[in-house]
Each structure stands twice: as C-alpha cells, then as structure tokens.
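A.B. asks: Next comes protein_34.cif, mmCIF, C-alpha atoms:
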```cif
data_work
loop_
_atom_site.label_atom_id
_atom_site.label_comp_id
_atom_site.auth_asym_id
_atom_site.auth_seq_id
_atom_site.Cartn_x
_atom_site.Cartn_y
_atom_site.Cartn_z
CA MET A 520 -9.88 -35.65 -18.92
CA GLN A 521 -9.54 -34.03 -15.50
CA VAL A 522 -12.47 -31.91 -14.29
CA THR A 523 -11.87 -28.15 -14.14
CA HIS A 524 -13.42 -25.95 -11.47
CA SER A 525 -14.44 -22.46 -12.58
CA LEU A 526 -13.80 -19.44 -10.37
CA ARG A 527 -17.50 -19.23 -9.46
CA ALA A 528 -17.58 -22.94 -8.65
CA LEU A 529 -14.63 -22.47 -6.28
CA ASN A 530 -16.39 -19.49 -4.76
CA ARG A 531 -19.54 -21.47 -4.05
CA ALA A 532 -17.61 -24.46 -2.70
CA THR A 533 -15.74 -22.14 -0.34
CA LEU A 534 -18.92 -20.46 0.88
CA SER A 535 -20.53 -23.84 1.44
CA ARG A 536 -17.59 -25.18 3.48
CA GLN A 537 -17.49 -21.96 5.46
CA LEU A 538 -21.23 -22.17 6.25
CA LEU A 539 -21.90 -18.86 4.52
CA LEU A 540 -24.56 -19.97 2.04
CA ASP A 541 -27.13 -20.59 4.76
CA ARG A 542 -27.10 -20.11 8.51
CA VAL A 543 -26.97 -23.59 9.94
CA GLY A 544 -28.59 -25.19 12.97
CA ARG A 545 -25.37 -26.13 14.74
CA THR A 546 -23.73 -25.16 18.00
CA PRO A 547 -20.96 -22.54 18.11
CA LEU A 548 -18.56 -25.29 19.17
CA ASP A 549 -19.52 -27.37 16.12
CA VAL A 550 -18.94 -24.41 13.81
CA MET A 551 -15.54 -23.63 15.30
CA GLU A 552 -14.53 -27.24 14.83
CA ARG A 553 -15.79 -27.20 11.24
CA LEU A 554 -13.79 -24.05 10.46
CA VAL A 555 -10.69 -25.26 12.37
CA GLY A 556 -10.81 -22.04 14.37
CA LEU A 557 -11.61 -18.36 13.92
CA GLN A 558 -9.24 -15.44 13.44
CA ALA A 559 -9.09 -13.51 16.72
CA GLN A 560 -6.55 -10.70 16.53
CA ASP A 561 -9.25 -8.51 18.08
CA PRO A 562 -11.99 -9.70 20.46
CA GLU A 563 -15.06 -8.94 18.31
CA PRO A 564 -14.37 -10.65 14.94
CA PRO A 565 -14.97 -14.24 16.15
CA TYR A 566 -18.36 -13.16 17.45
CA ILE A 567 -19.24 -11.59 14.09
CA GLY A 568 -17.96 -14.72 12.35
CA LEU A 569 -20.28 -16.96 14.35
CA TRP A 570 -23.22 -14.55 13.97
CA ASN A 571 -22.76 -14.83 10.20
CA ARG A 572 -23.08 -18.59 10.34
CA LEU A 573 -25.59 -19.37 13.08
CA PRO A 574 -29.25 -18.40 13.48
CA GLY A 575 -30.00 -16.73 16.79
CA PHE A 576 -26.36 -16.52 17.88
CA ARG A 577 -25.81 -14.35 20.97
CA GLN A 578 -22.60 -12.85 22.32
CA ASP A 579 -22.85 -14.89 25.52
CA ASP A 580 -22.86 -18.11 23.47
CA LEU A 581 -19.15 -17.68 22.75
CA THR A 582 -18.16 -15.95 25.98
CA VAL A 583 -19.46 -18.91 27.99
CA LEU A 584 -17.39 -21.34 25.90
CA LEU A 585 -14.26 -19.31 26.68
CA GLU A 586 -15.10 -19.17 30.38
CA GLU A 587 -15.80 -22.91 30.47
CA ARG A 588 -12.40 -23.60 28.84
CA ARG A 589 -14.01 -25.34 25.88
CA VAL A 590 -12.54 -22.73 23.52
CA VAL A 591 -9.11 -21.12 23.86
CA ARG A 592 -7.35 -18.09 22.39
CA SER A 593 -3.72 -18.55 21.40
CA THR A 594 -1.04 -17.80 18.80
CA LEU A 595 -1.60 -20.35 16.05
CA TYR A 596 -1.86 -20.21 12.25
CA ARG A 597 0.54 -17.77 10.58
CA GLY A 598 1.66 -16.61 14.03
CA THR A 599 -1.68 -14.83 14.59
CA GLN A 600 -4.27 -15.07 17.33
CA HIS A 601 -7.05 -17.62 16.77
CA LEU A 602 -9.86 -19.16 18.75
CA VAL A 603 -10.07 -22.95 18.50
CA THR A 604 -11.84 -25.62 20.46
CA ALA A 605 -9.88 -27.01 23.40
CA GLU A 606 -9.94 -30.47 21.84
CA ASP A 607 -8.40 -29.17 18.61
CA TYR A 608 -5.85 -27.04 20.41
CA LEU A 609 -4.29 -30.05 22.12
CA TRP A 610 -3.10 -31.49 18.80
CA ILE A 611 -3.02 -28.46 16.46
CA ARG A 612 -0.63 -26.44 18.62
CA PRO A 613 2.10 -29.13 18.54
CA VAL A 614 1.65 -29.60 14.78
CA LEU A 615 2.32 -25.89 14.25
CA GLN A 616 5.50 -25.80 16.38
CA PRO A 617 7.93 -25.75 13.40
CA MET A 618 6.02 -22.82 11.89
CA LEU A 619 5.99 -20.97 15.21
CA ASP A 620 9.73 -21.50 15.56
CA ARG A 621 10.19 -19.79 12.18
CA TRP A 622 7.75 -17.05 13.18
CA GLN A 623 9.70 -16.35 16.38
CA LYS A 624 12.96 -16.17 14.48
CA GLY A 625 11.51 -13.83 11.87
CA ALA A 626 9.71 -11.55 14.31
CA TRP A 627 12.00 -11.57 17.34
CA GLY A 628 15.19 -13.28 16.19
CA ARG A 629 17.27 -10.15 16.71
CA VAL A 630 16.05 -9.88 20.28
CA THR A 631 16.96 -13.48 21.10
CA ALA A 632 20.12 -13.75 19.00
CA GLY A 633 22.74 -15.64 21.02
CA LEU A 634 20.27 -16.69 23.71
CA ASP A 635 19.57 -20.29 24.60
CA LEU A 636 15.90 -20.52 23.60
CA ALA A 637 15.44 -23.61 25.73
CA GLU A 638 16.60 -21.61 28.73
CA LEU A 639 14.21 -18.78 27.82
CA ALA A 640 11.32 -21.24 27.54
CA GLY A 641 12.25 -22.88 30.83
CA THR A 642 12.46 -19.53 32.58
CA VAL A 643 9.02 -18.51 31.30
CA ARG A 644 7.57 -21.87 32.29
CA LYS A 645 8.93 -21.44 35.81
CA LEU A 646 7.65 -17.86 36.06
CA LEU A 647 4.14 -18.81 34.95
CA GLY A 648 3.95 -21.99 37.02
CA THR A 649 0.31 -22.89 37.52
CA GLY A 650 -0.96 -19.32 37.38
CA GLN A 651 -1.23 -16.31 35.11
CA MET A 652 0.88 -13.25 34.37
CA SER A 653 0.08 -10.32 32.13
CA ARG A 654 2.40 -9.66 29.22
CA PRO A 655 3.87 -6.55 30.93
CA GLU A 656 4.42 -8.54 34.15
CA LEU A 657 6.17 -11.31 32.27
CA ALA A 658 8.30 -8.81 30.37
CA ALA A 659 9.32 -7.12 33.62
CA ALA A 660 10.33 -10.46 35.14
CA LEU A 661 12.36 -11.39 32.06
CA ARG A 662 14.13 -8.02 32.16
CA GLU A 663 15.61 -9.00 35.51
CA ARG A 664 17.14 -12.12 33.98
CA TRP A 665 18.23 -10.50 30.69
CA PRO A 666 18.55 -6.74 31.36
CA ASP A 667 20.29 -6.08 28.02
CA ARG A 668 17.44 -7.51 25.92
CA ASP A 669 14.10 -6.12 24.79
CA PRO A 670 11.73 -7.56 27.41
CA VAL A 671 8.65 -7.26 25.19
CA GLY A 672 10.38 -9.29 22.49
CA LEU A 673 11.31 -11.94 25.05
CA ALA A 674 7.73 -12.13 26.32
CA ARG A 675 6.29 -12.34 22.82
CA SER A 676 8.82 -15.02 21.92
CA ALA A 677 7.33 -17.13 24.68
CA GLN A 678 4.10 -17.35 22.67
CA ALA A 679 6.02 -19.32 20.04
CA LEU A 680 8.32 -21.32 22.31
CA LEU A 681 5.56 -22.55 24.64
CA ALA A 682 1.90 -23.50 24.35
CA ILE A 683 0.47 -20.37 25.97
CA VAL A 684 -3.19 -19.41 26.04
CA HIS A 685 -4.89 -16.15 26.96
CA PRO A 686 -7.73 -16.86 29.40
CA PRO A 687 -10.90 -14.76 29.60
CA PRO A 688 -11.89 -12.05 30.02
CA ASP A 689 -9.19 -11.57 27.36
CA GLY A 690 -10.68 -12.14 23.92
CA THR A 691 -14.29 -11.54 24.97
CA TRP A 692 -16.58 -8.99 23.33
CA GLY A 693 -15.58 -5.39 24.07
CA ARG A 694 -12.69 -6.41 26.32
CA ARG A 695 -9.56 -4.26 26.04
CA GLY A 696 -6.59 -4.39 28.36
CA THR A 697 -3.42 -6.31 29.14
CA THR A 698 -3.20 -9.86 27.82
CA PRO A 699 -2.86 -12.66 30.40
CA PHE A 700 -0.45 -15.52 29.74
CA MET A 701 -0.97 -19.04 31.07
CA LEU A 702 0.47 -22.42 30.16
CA ALA A 703 -2.10 -24.31 28.11
CA GLU A 704 -1.74 -27.57 30.01
CA GLU A 705 -2.45 -25.74 33.27
CA TRP A 706 -5.51 -23.90 31.89
CA LEU A 707 -6.93 -27.03 30.23
CA GLY A 708 -5.77 -29.52 32.84
CA ARG A 709 -4.49 -31.88 30.14
CA PRO A 710 -1.21 -32.44 28.31
CA LEU A 711 -0.75 -31.64 24.64
CA ASP A 712 -0.50 -34.38 22.02
CA THR A 713 3.03 -35.73 21.82
CA ALA A 714 2.59 -37.27 18.34
CA PRO A 715 0.37 -34.89 16.37
CA SER A 716 -0.46 -35.61 12.72
CA VAL A 717 0.29 -33.11 9.97
CA GLU A 718 -1.89 -35.17 7.66
CA ARG A 719 -4.82 -34.60 9.99
CA LEU A 720 -4.32 -30.85 9.76
CA VAL A 721 -4.23 -30.95 5.95
CA LEU A 722 -7.44 -32.97 5.80
CA ARG A 723 -9.19 -30.60 8.20
CA CYS A 724 -8.04 -27.66 6.09
CA LEU A 725 -9.46 -29.22 2.91
CA ALA A 726 -12.75 -29.93 4.67
CA ALA A 727 -13.03 -26.25 5.62
CA PHE A 728 -11.39 -24.54 2.63
CA GLY A 729 -11.27 -27.02 -0.25
CA PRO A 730 -10.87 -27.40 -3.12
CA ALA A 731 -7.42 -25.94 -2.47
CA THR A 732 -3.88 -26.01 -3.77
CA VAL A 733 -0.89 -27.04 -1.68
CA ARG A 734 0.10 -23.37 -1.59
CA ASP A 735 -3.36 -22.50 -0.22
CA VAL A 736 -2.97 -24.99 2.63
CA GLN A 737 0.43 -23.52 3.40
CA ALA A 738 -0.89 -19.95 3.27
CA TRP A 739 -3.71 -20.78 5.69
CA SER A 740 -1.56 -22.63 8.21
CA GLY A 741 1.70 -20.73 7.79
CA MET A 742 3.51 -24.04 7.36
CA THR A 743 5.91 -24.95 4.56
CA ARG A 744 6.92 -28.11 2.67
CA LEU A 745 3.45 -29.62 2.66
CA ARG A 746 3.71 -30.94 -0.90
CA GLU A 747 5.05 -34.27 0.30
CA VAL A 748 2.29 -34.49 2.91
CA VAL A 749 -0.39 -33.90 0.28
CA ASP A 750 1.28 -36.40 -2.03
CA ARG A 751 1.04 -39.05 0.67
CA LEU A 752 -2.67 -38.27 0.96
CA ARG A 753 -3.23 -38.12 -2.80
CA PRO A 754 -4.73 -41.64 -3.13
CA GLU A 755 -7.62 -40.67 -0.84
CA LEU A 756 -8.17 -37.18 -2.27
CA LEU A 757 -10.15 -35.84 -5.21
CA VAL A 758 -7.82 -34.05 -7.63
CA ARG A 759 -9.12 -31.39 -10.02
CA ARG A 760 -7.81 -28.35 -11.91
CA GLY A 761 -8.57 -24.65 -11.65
CA GLU A 762 -9.10 -22.33 -14.60
CA SER A 763 -5.41 -21.40 -14.67
CA GLY A 764 -4.36 -25.04 -14.56
CA GLN A 765 -3.48 -25.22 -10.85
CA GLU A 766 -3.89 -28.58 -9.15
CA LEU A 767 -6.71 -28.57 -6.60
CA PHE A 768 -7.17 -31.13 -3.82
CA ASP A 769 -10.37 -31.94 -2.02
CA LEU A 770 -12.20 -34.53 0.05
CA PRO A 771 -14.32 -36.79 -2.18
CA ASP A 772 -17.52 -36.43 -0.16
CA ALA A 773 -17.23 -32.67 0.56
CA PRO A 774 -20.03 -30.37 -0.68
CA ARG A 775 -19.46 -28.59 -3.99
CA PRO A 776 -22.64 -26.72 -4.97
CA GLY A 777 -22.96 -25.51 -8.53
CA ALA A 778 -21.58 -22.20 -9.74
CA ASP A 779 -25.10 -20.79 -10.04
CA HIS A 780 -26.07 -21.55 -6.44
CA PRO A 781 -27.39 -18.31 -4.87
CA ALA A 782 -25.12 -16.63 -2.32
CA PRO A 783 -26.63 -14.25 0.26
CA VAL A 784 -25.19 -10.92 1.36
CA ARG A 785 -22.72 -11.33 4.23
CA PHE A 786 -21.06 -8.72 6.45
CA LEU A 787 -17.88 -10.67 7.11
CA ALA A 788 -15.76 -10.34 10.24
CA LEU A 789 -12.49 -8.45 10.09
CA LEU A 790 -9.68 -10.72 8.81
CA ASP A 791 -12.07 -13.65 8.34
CA ASN A 792 -10.04 -16.59 7.07
CA VAL A 793 -12.54 -17.12 4.27
CA LEU A 794 -10.89 -14.12 2.58
CA LEU A 795 -7.29 -14.20 3.68
CA ALA A 796 -6.27 -17.84 4.08
CA TRP A 797 -5.27 -18.38 0.46
CA ALA A 798 -2.20 -18.15 -1.71
CA ASP A 799 -4.62 -17.08 -4.46
CA ARG A 800 -7.49 -15.06 -3.01
CA GLY A 801 -9.17 -14.60 -6.36
CA ARG A 802 -12.07 -16.89 -5.55
CA MET A 803 -13.60 -14.10 -3.46
CA LEU A 804 -11.32 -11.10 -3.69
CA SER A 805 -9.68 -9.21 -6.55
CA ASP A 806 -6.03 -8.17 -6.24
CA GLU A 807 -6.79 -4.44 -5.94
CA ARG A 808 -9.04 -5.07 -2.92
CA ARG A 809 -6.57 -7.06 -0.83
CA VAL A 810 -5.17 -4.21 1.24
CA PRO A 811 -8.48 -2.60 2.25
CA VAL A 812 -10.00 -5.83 3.62
CA SER A 813 -7.03 -6.29 5.94
CA VAL A 814 -7.91 -2.95 7.55
CA GLU A 815 -11.71 -2.99 7.52
CA PRO A 816 -14.18 -5.90 7.26
CA ALA A 817 -15.74 -6.81 3.94
CA LEU A 818 -19.27 -7.08 2.60
CA THR A 819 -19.90 -9.78 0.00
CA VAL A 820 -22.57 -9.59 -2.68
CA ASP A 821 -23.17 -12.69 -4.81
CA GLY A 822 -20.28 -14.32 -2.98
CA PHE A 823 -17.61 -11.76 -3.89
CA VAL A 824 -16.23 -8.77 -1.98
CA HIS A 825 -18.19 -5.70 -3.05
CA ALA A 826 -17.72 -3.23 -0.18
CA LEU A 827 -16.12 -2.49 3.18
CA TRP A 828 -18.08 -1.73 6.34
CA ARG A 829 -17.68 -0.42 9.87
CA ILE A 830 -19.94 0.59 12.75
CA ARG A 831 -19.80 4.15 14.04
CA HIS A 832 -21.17 5.08 17.48
CA ASP A 833 -22.49 8.65 17.61
CA ARG A 834 -22.79 10.82 20.73
CA ASP A 835 -26.57 10.53 20.69
CA GLU A 836 -26.15 6.77 21.27
CA ARG A 837 -27.02 6.05 17.67
CA ALA A 838 -25.19 3.14 16.01
CA VAL A 839 -24.52 3.70 12.30
CA LEU A 840 -23.45 1.01 9.87
CA VAL A 841 -21.23 2.67 7.27
CA VAL A 842 -21.08 0.72 4.01
CA LYS A 843 -18.34 1.68 1.54
CA PRO A 844 -18.87 0.00 -1.85
CA PHE A 845 -16.10 -0.21 -4.43
CA GLU A 846 -18.73 0.28 -7.13
CA PRO A 847 -22.49 0.99 -7.12
CA LEU A 848 -24.46 -1.58 -5.14
CA PRO A 849 -26.60 -3.86 -7.32
CA ARG A 850 -30.22 -2.76 -7.15
CA ALA A 851 -31.36 -6.34 -6.51
CA ALA A 852 -29.13 -6.61 -3.42
CA ARG A 853 -29.99 -3.30 -1.73
CA GLY A 854 -32.96 -4.60 0.22
CA GLU A 855 -30.99 -7.61 1.47
CA ILE A 856 -28.08 -5.37 2.45
CA ALA A 857 -30.42 -3.14 4.46
CA GLU A 858 -32.09 -6.10 6.19
CA GLU A 859 -28.83 -7.89 6.99
CA GLY A 860 -27.21 -4.61 8.02
CA MET A 861 -29.92 -3.78 10.54
CA ALA A 862 -29.65 -7.29 11.99
CA LEU A 863 -25.89 -6.78 12.36
CA LEU A 864 -26.43 -3.48 14.18
CA ARG A 865 -28.87 -5.07 16.62
CA PHE A 866 -26.34 -7.82 17.32
CA ALA A 867 -23.23 -5.68 17.61
CA ALA A 868 -24.79 -2.66 19.36
CA PRO A 869 -27.72 -4.02 21.39
CA LYS A 870 -27.78 -1.01 23.75
CA ALA A 871 -27.89 1.67 21.06
CA ALA A 872 -30.83 4.08 21.17
CA SER A 873 -31.31 3.95 17.39
CA TYR A 874 -29.79 2.51 14.23
CA ASP A 875 -29.00 3.80 10.77
CA ILE A 876 -27.16 2.73 7.61
CA GLU A 877 -25.07 5.12 5.49
CA ILE A 878 -23.49 4.46 2.08
CA HIS A 879 -20.13 6.11 1.42
CA PRO A 880 -18.23 4.85 -1.68
CA VAL A 881 -14.60 3.89 -1.13
CA GLU A 882 -12.35 6.77 -2.05
CA PRO A 883 -9.83 6.01 -4.83
#
```
Let me see the structure of the file written as structure tokens.
C.D. replies:
Amino acid sequence: MQVTHSLRALNRATLSRQLLLDRVGRTPLDVMERLVGLQAQDPEPPYIGLWNRLPGFRQDDLTVLLEERRVVRSTLYRGTQHLVTAEDYLWIRPVLQPMLDRWQKGAWGRVTAGLDLAELAGTVRKLLGTGQMSRPELAAALRERWPDRDPVGLARSAQALLAIVHPPPDGTWGRRGTTPFMLAEEWLGRPLDTAPSVERLVLRCLAAFGPATVRDVQAWSGMTRLREVVDRLRPELLVRRGESGQELFDLPDAPRPGADHPAPVRFLALLDNVLLAWADRGRMLSDERRVPVSVEPALTVDGFVHALWRIRHDRDERAVLVVKPFEPLPRAARGEIAEEGMALLRFAAPKAASYDIEIHPVEP
C-alpha cells in the first residue's frame, strides 16, 4: 500500500526544505541555491527571506553578492522578478525560455502583433551592446524604430525575448528608481547554457518544495507539460499520495520531519514562494487567505498562515510592526511573536529611534 502524507506532514516537509524550521549556519549564496532563487518583485522581500533563514544575516550580506555579480535579478519563474545565483541563472534562464515566450505573448502580444520578434530581439541586443540602458531609455529608442507601437510594451517584451538582468543598485534594500537593463552574458562575462536540462529544474524544485505534484512544479516554474518529464524521472523518485489522493513526487533522501515537529513563528517575506508556488496552497494557506497574502506579507504560527504584517514608520522616527491576525493569536505563541517581531524591526529599521508592535485584527 502506498504511503499517504497528511496535510501537517506536507507542511513540515515544506518548512524543512525551505529552511524555516531552524535558522541554519549556511551562507546566503548556499540558501539561494537551496531555494532555487527568491521572489524579488520588490527590493526588500529577498532580504527578509534570507533573514528568516539565516542567523545573524545583515542587509549588506546580500547587497555585496549583487554587486559582486554572484547573484542576479531577472525575469524568471512565472514571468516574475527573482534573485538567483549567477551559476544557476546560466542554465535556468534558457530552460524557462518556452514559458517566457508564452508570458510575452499573453502580456504583450497585442503590442507586438505582426512584428518580427527576432528583429525586435536583435534591435534590443544592438541597443544594449555591452552597456546598460534604463527601461525608459530603451523604450524611447524602440519608439524611434516602431513609432506606432507601445514602447513600454516593446521594452518589457525584451525581458522575455532576451536574457536580461537588472544590475545593482536596482534590487538592493530601499532602492527605488528606474530599472537598468543589461544583457546577462555581458554582465556575467559568460555565455548561457546552450543545452539546459528540464529534468535538472524539476529535481531542484522537488529538493526545495517537495513532496509535490506535477501541477505544483508547473505552478512554481510557470512551465507546462511537465508530466512527461516527471514520468521520465519516476524510477529515481519517491512516489507517495496526499490526503485527497493526489500523486506526490519527492527525492528519496530529502528530509521529511514528522507532522508533530515544532514549527517556530515566522514573519515571511512578501510573495515568498513557500506560500505561492503551489497549485494547491493548502499545506500552509487556506483558500480564503490567498488574496490577502499577495498584498501583504504573512505571519505563520505552527507552520500555517495566521496573520498579515507590515511595518509603519511614524514621524517621530518610531518603527511599528503592525500584526493583523485572522483570528485571536494563540496565547502560547504571543511571547514568540513579540520576540521575533522585535528582531524583525531591528533588522528592517536599524535607524529607527524606537520600536513597537501593534495588533489589529484583519477586517472582514
């Protein structure tokens, strides 16, 4: 009889893979490789994500990796911005090209309808050359070539058609402004992999997010038609079932702590993949809480989403952590929430004159 994983067992396995059961003595680069990247639509979330997983993590620890070109920011999974290690980028970006082609068509297909996309890509490549251009600068240059088209749509299409990265200071803590574009091979000084392996991507996903269904792997990556890829890998995978009968795939030697393993309070980063990179998010998130956590970051208690949070900066230079629980906070977790919350404030607002925590229940 095939083994069945309970919801709590899946929850604990996920937290273990995501390094959220205990802060680990690894380097930020090691953690980013383990997680196959960090969601980076905004500059701050990757920093919060690493702070959640590493003891003594400082903001400069990630900023230096970006400046040293060991980590890059680019359009990747699901057509969203992610930070990945430079080594991973060289093969992951080519693997994702079919998905990015679909993303470009869905997002900007009307803008580029009737255009030769190869010509658009070649024009952008020539414009960028060995240097950088901001998105507005690139859009302005493309308007001269195609004056009847939306220049912003053309510039954004380039992020799918070409391997483009956004060098620092873009993507660093507190940085807001225009986004620079640069060809990845010029920034990294190396060519991208010409024969990337989809199987490698699936295995890396299972290492970071397993046990997972085929639909989960597709939801995380944005790719489609991965069933045949997983079937090719099936002989080397562990196959189990979930409570609803879904087929779950995993690496045989991956950690799977018991369902009763304690899970600490965590103030997750906004759009952390641990919550959103699933076809079925039930292992950490109930259906009615999906929309809020895409707008504000989540607080987990006992491994499951229990509240939202944000940091407010008052005029008196006080930083306030506002916690918005969906239901009353468990008495046993209140002290841990206060301790972890104050640590978050000291990390995220090191120059504040004072700190405070406020509890405001989520409004129905």
A.B. asks: What does the distance from atom CA of Leu609 of chain A to atom CA of Leu548 of chain A come to in Å, to one decimal?
C.D. replies: 15.3 Å
A.B. asks: Report as an NGL selection string the residues that result from applying the PyMOL selection byres ((chain A and resi 771) around 12) to the structure here.
C.D. replies: :A and (722 or 725-726 or 729-730 or 753-759 or 768-770 or 772-775)
A.B. asks: Can you measure atom CA of Leu767 of chain A to atom CA of His524 of chain A for me? One decimal in Å is fine.
C.D. replies: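 Here the two named atoms are 8.7 Å from each other.
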A.B. asks: Could you work out how far atom CA of Met551 of chain A lies from atom CA of Pro687 of chain A, giving the answer in Å with one decimal?
C.D. replies: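 Separation between atom CA of Pro687 of chain A and atom CA of Met551 of chain A: 17.5 Å.
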A.B. asks: Determine the nearest neighbour of Leu673 of chain A from the options A:Arg597, A:His780, A:Arg654, A:Arg800, counting all atoms listed in the file.
C.D. replies: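 Distance minimum relative to Leu673 of chain A lands on A:Arg654.
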A.B. asks: Would you mind listing, for every residue of segment 536-647 of chain A within 10 Å of segment 691-709 of chain A, the two atoms forming the shortest contact and the distance between them in Å to one decimal, using only C-alpha atoms, sorted by chain and ascending residue number, as a tab-separated table?
C.D. replies:
```
residue	atom	partner	partner_atom	distance
A:Ala559	CA	A:Thr691	CA	9.9
A:Asp561	CA	A:Arg695	CA	9.0
A:Pro562	CA	A:Thr691	CA	5.4
A:Glu563	CA	A:Trp692	CA	5.2
A:Pro564	CA	A:Trp692	CA	8.8
A:Pro565	CA	A:Trp692	CA	9.0
A:Tyr566	CA	A:Trp692	CA	7.4
A:Ile567	CA	A:Trp692	CA	10.0
A:Gln578	CA	A:Trp692	CA	7.2
A:Asp579	CA	A:Trp692	CA	8.9
A:Leu581	CA	A:Thr691	CA	8.1
A:Thr582	CA	A:Thr691	CA	6.0
A:Val583	CA	A:Thr691	CA	9.5
A:Leu585	CA	A:Thr691	CA	8.0
A:Glu586	CA	A:Thr691	CA	9.4
A:Glu587	CA	A:Leu707	CA	9.8
A:Arg588	CA	A:Leu707	CA	6.6
A:Arg589	CA	A:Leu707	CA	8.5
A:Val590	CA	A:Leu707	CA	9.7
A:Val591	CA	A:Ala703	CA	8.8
A:Arg592	CA	A:Thr691	CA	9.9
A:Ser593	CA	A:Ala703	CA	9.0
A:Ala605	CA	A:Leu707	CA	7.4
A:Glu606	CA	A:Leu707	CA	9.6
A:Tyr608	CA	A:Ala703	CA	9.0
A:Leu609	CA	A:Arg709	CA	8.2
A:Arg612	CA	A:Ala703	CA	9.8
A:Val643	CA	A:Leu702	CA	9.5
A:Arg644	CA	A:Leu702	CA	7.4
A:Leu647	CA	A:Met701	CA	6.4
```
A.B. asks: Report the closest atom pair, with its distance in Å rounded to one decimal, for each residue of segment 647-681 of chain A that has an atom no farther than 8 Å from segment 619-629 of chain A; count only C-alpha atoms, sort by chain and then rising residue number, and write it as a Markdown table.
C.D. replies:
```
| residue | atom | partner | partner_atom | distance |
| --- | --- | --- | --- | --- |
| A:Gly672 | CA | A:Trp627 | CA | 5.9 |
| A:Leu673 | CA | A:Trp627 | CA | 7.7 |
| A:Arg675 | CA | A:Trp627 | CA | 8.0 |
| A:Ser676 | CA | A:Gln623 | CA | 5.8 |
| A:Ala679 | CA | A:Leu619 | CA | 5.1 |
| A:Leu680 | CA | A:Asp620 | CA | 6.9 |
```
A.B. asks: For those residues, write C-alpha atoms to a file as an mmCIF file, keeping the file's coordinate frame.
C.D. replies:
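File out.cif, as written:
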```
data_model
loop_
_atom_site.group_PDB
_atom_site.id
_atom_site.type_symbol
_atom_site.label_atom_id
_atom_site.label_comp_id
_atom_site.auth_asym_id
_atom_site.auth_seq_id
_atom_site.Cartn_x
_atom_site.Cartn_y
_atom_site.Cartn_z
ATOM 1 C CA GLY A 672 10.380 -9.290 22.490
ATOM 2 C CA LEU A 673 11.310 -11.940 25.050
ATOM 3 C CA ARG A 675 6.290 -12.340 22.820
ATOM 4 C CA SER A 676 8.820 -15.020 21.920
ATOM 5 C CA ALA A 679 6.020 -19.320 20.040
ATOM 6 C CA LEU A 680 8.320 -21.320 22.310
#
```
A.B. asks: Hey, what's within 10 Å of Arg527 of chain A if we count only C-alpha atoms and toss same-chain stuff fewer than 4 positions away? As an mmCIF file with C-alpha atoms, in the coordinates of the input, please?
C.D. replies:
```
data_model
loop_
_atom_site.group_PDB
_atom_site.id
_atom_site.type_symbol
_atom_site.label_atom_id
_atom_site.label_comp_id
_atom_site.auth_asym_id
_atom_site.auth_seq_id
_atom_site.Cartn_x
_atom_site.Cartn_y
_atom_site.Cartn_z
ATOM 1 C CA ARG A 531 -19.540 -21.470 -4.050
ATOM 2 C CA ALA A 532 -17.610 -24.460 -2.700
ATOM 3 C CA THR A 533 -15.740 -22.140 -0.340
ATOM 4 C CA GLY A 777 -22.960 -25.510 -8.530
ATOM 5 C CA ALA A 778 -21.580 -22.200 -9.740
ATOM 6 C CA ASP A 779 -25.100 -20.790 -10.040
ATOM 7 C CA HIS A 780 -26.070 -21.550 -6.440
ATOM 8 C CA ARG A 802 -12.070 -16.890 -5.550
ATOM 9 C CA MET A 803 -13.600 -14.100 -3.460
ATOM 10 C CA ASP A 821 -23.170 -12.690 -4.810
ATOM 11 C CA GLY A 822 -20.280 -14.320 -2.980
ATOM 12 C CA PHE A 823 -17.610 -11.760 -3.890
#
```
A.B. asks: Would you fill out segment 539-553 of chain A with N, CA and C atoms and return it as an mmCIF file, in the frame of the given file?
C.D. replies:
```
data_model
loop_
_atom_site.group_PDB
_atom_site.id
_atom_site.type_symbol
_atom_site.label_atom_id
_atom_site.label_comp_id
_atom_site.auth_asym_id
_atom_site.auth_seq_id
_atom_site.Cartn_x
_atom_site.Cartn_y
_atom_site.Cartn_z
ATOM 1 N N LEU A 539 -21.474 -20.211 4.841
ATOM 2 C CA LEU A 539 -21.900 -18.860 4.520
ATOM 3 C C LEU A 539 -22.978 -18.807 3.433
ATOM 4 N N LEU A 540 -23.438 -19.958 2.985
ATOM 5 C CA LEU A 540 -24.560 -19.970 2.040
ATOM 6 C C LEU A 540 -25.889 -19.930 2.780
ATOM 7 N N ASP A 541 -25.936 -20.591 3.918
ATOM 8 C CA ASP A 541 -27.130 -20.590 4.760
ATOM 9 C C ASP A 541 -26.684 -20.670 6.210
ATOM 10 N N ARG A 542 -27.358 -19.944 7.071
ATOM 11 C CA ARG A 542 -27.100 -20.110 8.510
ATOM 12 C C ARG A 542 -27.570 -21.489 8.921
ATOM 13 N N VAL A 543 -26.734 -22.169 9.678
ATOM 14 C CA VAL A 543 -26.970 -23.590 9.940
ATOM 15 C C VAL A 543 -27.370 -23.821 11.395
ATOM 16 N N GLY A 544 -28.151 -24.853 11.625
ATOM 17 C CA GLY A 544 -28.590 -25.190 12.970
ATOM 18 C C GLY A 544 -27.574 -26.035 13.708
ATOM 19 N N ARG A 545 -26.432 -25.439 14.007
ATOM 20 C CA ARG A 545 -25.370 -26.130 14.740
ATOM 21 C C ARG A 545 -25.040 -25.322 15.994
ATOM 22 N N THR A 546 -24.195 -25.889 16.824
ATOM 23 C CA THR A 546 -23.730 -25.160 18.000
ATOM 24 C C THR A 546 -22.491 -24.347 17.628
ATOM 25 N N PRO A 547 -22.189 -23.290 18.375
ATOM 26 C CA PRO A 547 -20.960 -22.540 18.110
ATOM 27 C C PRO A 547 -19.721 -23.424 18.163
ATOM 28 N N LEU A 548 -19.710 -24.389 19.071
ATOM 29 C CA LEU A 548 -18.560 -25.290 19.170
ATOM 30 C C LEU A 548 -18.425 -26.121 17.899
ATOM 31 N N ASP A 549 -19.546 -26.598 17.362
ATOM 32 C CA ASP A 549 -19.520 -27.370 16.120
ATOM 33 C C ASP A 549 -18.962 -26.539 14.966
ATOM 34 N N VAL A 550 -19.393 -25.273 14.897
ATOM 35 C CA VAL A 550 -18.940 -24.410 13.810
ATOM 36 C C VAL A 550 -17.450 -24.134 13.927
ATOM 37 N N MET A 551 -16.966 -23.885 15.128
ATOM 38 C CA MET A 551 -15.540 -23.630 15.300
ATOM 39 C C MET A 551 -14.707 -24.843 14.935
ATOM 40 N N GLU A 552 -15.229 -26.022 15.231
ATOM 41 C CA GLU A 552 -14.530 -27.240 14.830
ATOM 42 C C GLU A 552 -14.543 -27.376 13.314
ATOM 43 N N ARG A 553 -15.674 -27.109 12.696
ATOM 44 C CA ARG A 553 -15.790 -27.200 11.240
ATOM 45 C C ARG A 553 -14.807 -26.269 10.548
#
```
